[in-house]
Structures are given as structure tokens and as C-alpha cells.
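Engineer: Below is the structure I would like to discuss, written out as C-alpha cells.
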Amino acid sequence: MSDFPRETAAPAVSERRPSPVRGLIFEVREFAVHDGPGVRTSVFFKGCPLRCRWCHNPESQAPTPELLLNRSRCSGCSVCEKICDAALSPDRRSKCVACGRCVDRCPQGARNLCGWETDVPTLVERLLRQRDLFELSGGGVTLTGGEPLFQPEFAVELARALRREQIHVALETCGFASSNVFDALTAEVDLVYFDVKILDPARSRRWLGVDSAPILANLRRLCASGRPFVVRTPLIPGVNDSAEERAAVERLVDGVPSAFGVEFLPYNVAAGAKYALLDRDFDPDLP
């Protein structure tokens with residue numbers, strides 16, 4: 001906008017309307033076929049409480065917008081340096097406020113902004129453009145991340161709005177949250193994909209950065225809820241890929257009527273590809 005609106009007196013508290021709930025998203029991926037039944041649109045929430053050593057989406061971890069810089073595309077034209085002093089600084093990452101000005105001006109497309117704020121009505125309007133495809137394929141929308149439980153108010157309102165529109169909603173979660181937050185969101189979705197990575201609390205703290213106890217407690221709550229769910233476990237070489245580990249995960253849901261089984265996912269060999277975009281080193285220190 002070229003002009004700022006004129007200042008007006010703030011309304012009395014009783015006259016104020018509640019502000020719309022806003023969330024931070026870093027990708028909306030259409031035509032997803034591995035995130036639930038049918039053809040789906042996956043909404044990637046930014047921010048995650050875990051720090052998995054092998055994480056292949058490091059841009060999903062921070063709960064704030066971030067600048068991604070692909071140095072292989074940079075031609076050294078210095079356009080960004082004329083726009084922002086942070087581009088010249090050795091500690092560019094700490095000084096960058098992810099305003100996006102350099103992204104718009106970069107002639108080589110070497111810069112991208114990861115993460116943008118939106119409200120529920122705006123996002124739902126975008127998602128409903130695929131309604132016909134959802135109905136034809138038996139698909140819907142999957143909330144993933146990052147971690148949707150990290151933005152519970154926004155995630156709950158989004159799920160409710162989609163289900164009011166008769167859209168099937170799936171949730172992919174690591175399960176690390178308070179029981180109240182977990183119950184509030186899982187009650188609003190049709191299907192849950194629950195990630196179980198490491199069972200032992202000490203090993204969980206080493207490899208995920210958090211204790212596994214809250215995760216397993218929420219899995220027990222999910223088992224008792226009757227909500228349909230699938231357990232997913234990424235198999236990390238030397239960490240959790242033994243036959244004993246896999247059998248232990250399977251026992252967690254053995255005999256649970258609402259469990260659709262356990263999916264063991266292969267390790268992503270390209271897990272470290274994005275770290276350079278964030279000026280971070282990828283060092284999982286796997287056995």
C-alpha cells in the first residue's frame with residue numbers, strides 16, 4: 001500500500017471483535033498421495049518441538065519465517081547487499097529478519113522465504129479449490145509439519161472449518177504435547193498418523209531432543225479414544241531399525257480396534273540436502 005490509513009481512536013473493549021486466529025505455514029502441497037486416503041492437499045505447519053538428528057525438513061523446525069539461500073544459484077551480483085545490511089554481515093543469519101525484500105529482487109532466484117502467516121478463512125478458501133478432486137478420489141486435507149500441535153489454536157480452528165465443509169481431515173503428528181492440546185486437536189480430525197520414533201526415554205532425549213514419555217502417553221490416549229489412526233516409524237540405520245525395535249512398536253497397538261497398523265518408512269538418504277540453505281551443518285552422528 002502506498003498510503004497508511006489515518007489513525008482513529010481504538011474502540012471500547014466491549015466493541016472490539018476478537019482477532020482472527022493466525023498460523024504460520026511454510027508449504028501447501030497439492031496432489032499429495034502418501035499423506036492419507038485419496039488425493040490430498042497437505043498443509044505444512046512451521047515450528048516443531050523435536051530436534052530429530054536426521055530431520056530432512058530443517059526449515060520446519062523454527063516457529064518463525066526464515067530466509068533460505070541457495071548459494072549455488074548466487075551470481076554475486078550484490079543486488080541483495082544494496083537492499084539490506086544483513087546480506088553483508090558475517091553473522092547474516094542472526095541479523096536477518098526475514099522481511100522478504102531480497103527475495104523479490106534476487107535476479108537468480110537464489111533466495112526464498114520459508115513461512116508465511118495466514119488466517120483460517122483465507123487458507124480454507126484456498127484449500128476448497130480442490131473440493132471436486134477430494135470428492136472424486138476420496139481424499140481431503142492433511143495437517144502436517146513441522147508439528148500442528150505446536151500451533152494448537154490455529155490447527156483446531158482449521159480442522160473444524162474444513163469438517164464443516166465436509167472435507168476429510170487427517171493429522172500427522174509426533175505426539176509431543178500436553179494431553180489437553182492433544183485431545184482437542186485429535187477430536188477434530190478423521191484420521192491420525194502418529195509418529196513413533198524411539199521408545200526408550202534416554203535414547204529419545206539423545207536422538208530427538210525430548211523425552212518419549214509424553215509421546216507414548218498420548219499414544220495410549222489415542223488408542224483408548226477410538227479415533228482411527230496409523231503408527232508411522234522412520235527406520236534410522238543403527239538407531240531404531242532392529243527387529244527388536246520394530247516388534248516393540250508393533251506391540252504398542254496390538255489388538256487396538258481403531259489402529260490401522262504400523263508403517264515402517266525407509267530412511268531418507270537425502271535428509272541433509274536442505275541444511276546448507278539455512279547455513280547449518282548436517283551431522284546426524286548415526287552409528
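Ordered as shown in the C-alpha cells, chains take letters A, B, and onward, while each chain numbers its residues from 1 and ligands are numbered from 1 in the order shown.
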For range 96-112 of chain A, list every protein, DNA or RNA residue within 7 Å, evaluated using only C-alpha atoms, and leave out those in the same chain fewer than 2 positions away; present the list as a list in words.

Structural biologist: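 That gives Pro65, Glu66, Leu67, Leu68, Leu69, Asn70, Arg71, Arg73, Cys74, Val79, Cys80, Ile83, Ala86, Arg92, Arg93, Ser94 and Cys114 of chain A.
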
Engineer: Excluding range 229-240 of chain A and its own-chain neighbours fewer than 6 positions away, which residues fall within 7 Å of it when counting only C-alpha atoms? Please give them as a list in words.

Structural biologist: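 Everything that qualifies: Leu191, Val192, Tyr193, Phe194, Asp195, Val196, Lys197, Ile198, Ser258, Ala259, Phe260, Gly261, Val262, Glu263, Phe264, Leu265, Pro266, Tyr267, Leu286 and Pro287 of chain A.
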
Engineer: Run DSSP on the backbone and grab whatever in range 146-225 of chain A lands in strand (DSSP E or B); send it over as a PyMOL selection string.

Structural biologist: chain A and resi 168-173+191-195

Engineer: So which residues touch range 177-184 of chain A within 8 Å, counting only C-alpha atoms, skipping near sequence neighbours fewer than 2 positions away, as an MDAnalysis selection string?

Structural biologist: chainID A and resid 149:150 152 156 175 186:188 214:215 218

Engineer: Neighbouring residues of Ile25 in chain A were defined as those with any atom within 10 Å, considering only C-alpha atoms; residues of the same chain fewer than 2 positions away were excluded. Please report them as JSON, numbers by chain.

Structural biologist: {"A": [22, 23, 27, 28, 43, 44, 45, 46, 47, 60, 63, 64, 65, 114, 115, 116, 117, 118, 123, 144, 145, 146, 148]}
